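Q: Questions regarding the structure given below will be posed in turn.
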Amino acid sequence: MISSTRRRPPEGGVALALVVLNGLLQGCAGLLDERARFLEGWRPGRVVQIDQGAAIHVRIAKDCRKMVAPDAAARDRYVLVRYSETPSRCAYRVAPLSGAETIEVGDRVQVNIQHCHAPLAMIGG
């Protein structure tokens, strides 16, 4: 008589597999969130200059000063952010700086290159 005994996987192995699977799923969700933010115009960058609009001189940039009256653009405070457009090419964004933002030159930020009204977001670290 042949007995058929069914082997059960070790309980620790199942738990480990679930932990690994959970980590993979969270990693994929993070990539999807990052891709969605990229498609919405968000780019990581570094603050290069903070000044009145008239004092920021950059030849080629996505420039929010063009969206307001020239006299307001000259006197309001703006931030110049250098961001990676492609792995080998940097670009610049001139974005408005609200009085509530505590951003300094050299800070790492997320800047939206599609919408001037989107506030900068600090990147931790």
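In the structure tokens, chains take letters A, B, ... by order of appearance, with residues numbered from 1 within each chain and ligands from 1 in the order shown.
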Could you write out, as a PyMOL selection string, all the residues of stretch 36-116 of chain A that DSSP marks as alpha helix (DSSP H)?
A: chain A and resi 36-39+70-75
Q: Could you give me, as a compact mmCIF listing (two decimals) with C-alpha atoms, in the first residue's frame, the residues within 9 Å of A:Val105, counting only C-alpha atoms and dropping anything in the same chain fewer than 5 positions from it?
A:
# COMPACT_ATOMS: atom_id res chain seq x y z
CA ARG A 46 18.32 72.48 -7.23
CA VAL A 47 17.70 76.13 -6.36
CA VAL A 48 20.29 78.30 -8.09
CA GLN A 49 19.03 81.82 -7.34
CA ILE A 50 16.30 83.57 -5.35
CA VAL A 79 13.38 81.25 -7.79
Q: When you count only C-alpha atoms, which of these residues is closest to A:Ser84: A:Ala69, A:Ile103, A:Ile113, A:Ile123?
A: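 Closest residue, counting only C-alpha atoms: A:Ile113.
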Q: Provide the atom CA of A:Gln110 to atom CA of A:Ala55 distance in Å, to one decimal place.
A: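 These two atoms are separated by 22.5 Å.
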Q: Using atom CA of A:Ala36 and atom CA of A:His115 as the two end points, give the distance in Å to one decimal.
A: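 About the pair atom CA of A:Ala36 and atom CA of A:His115: they are 15.0 Å apart.
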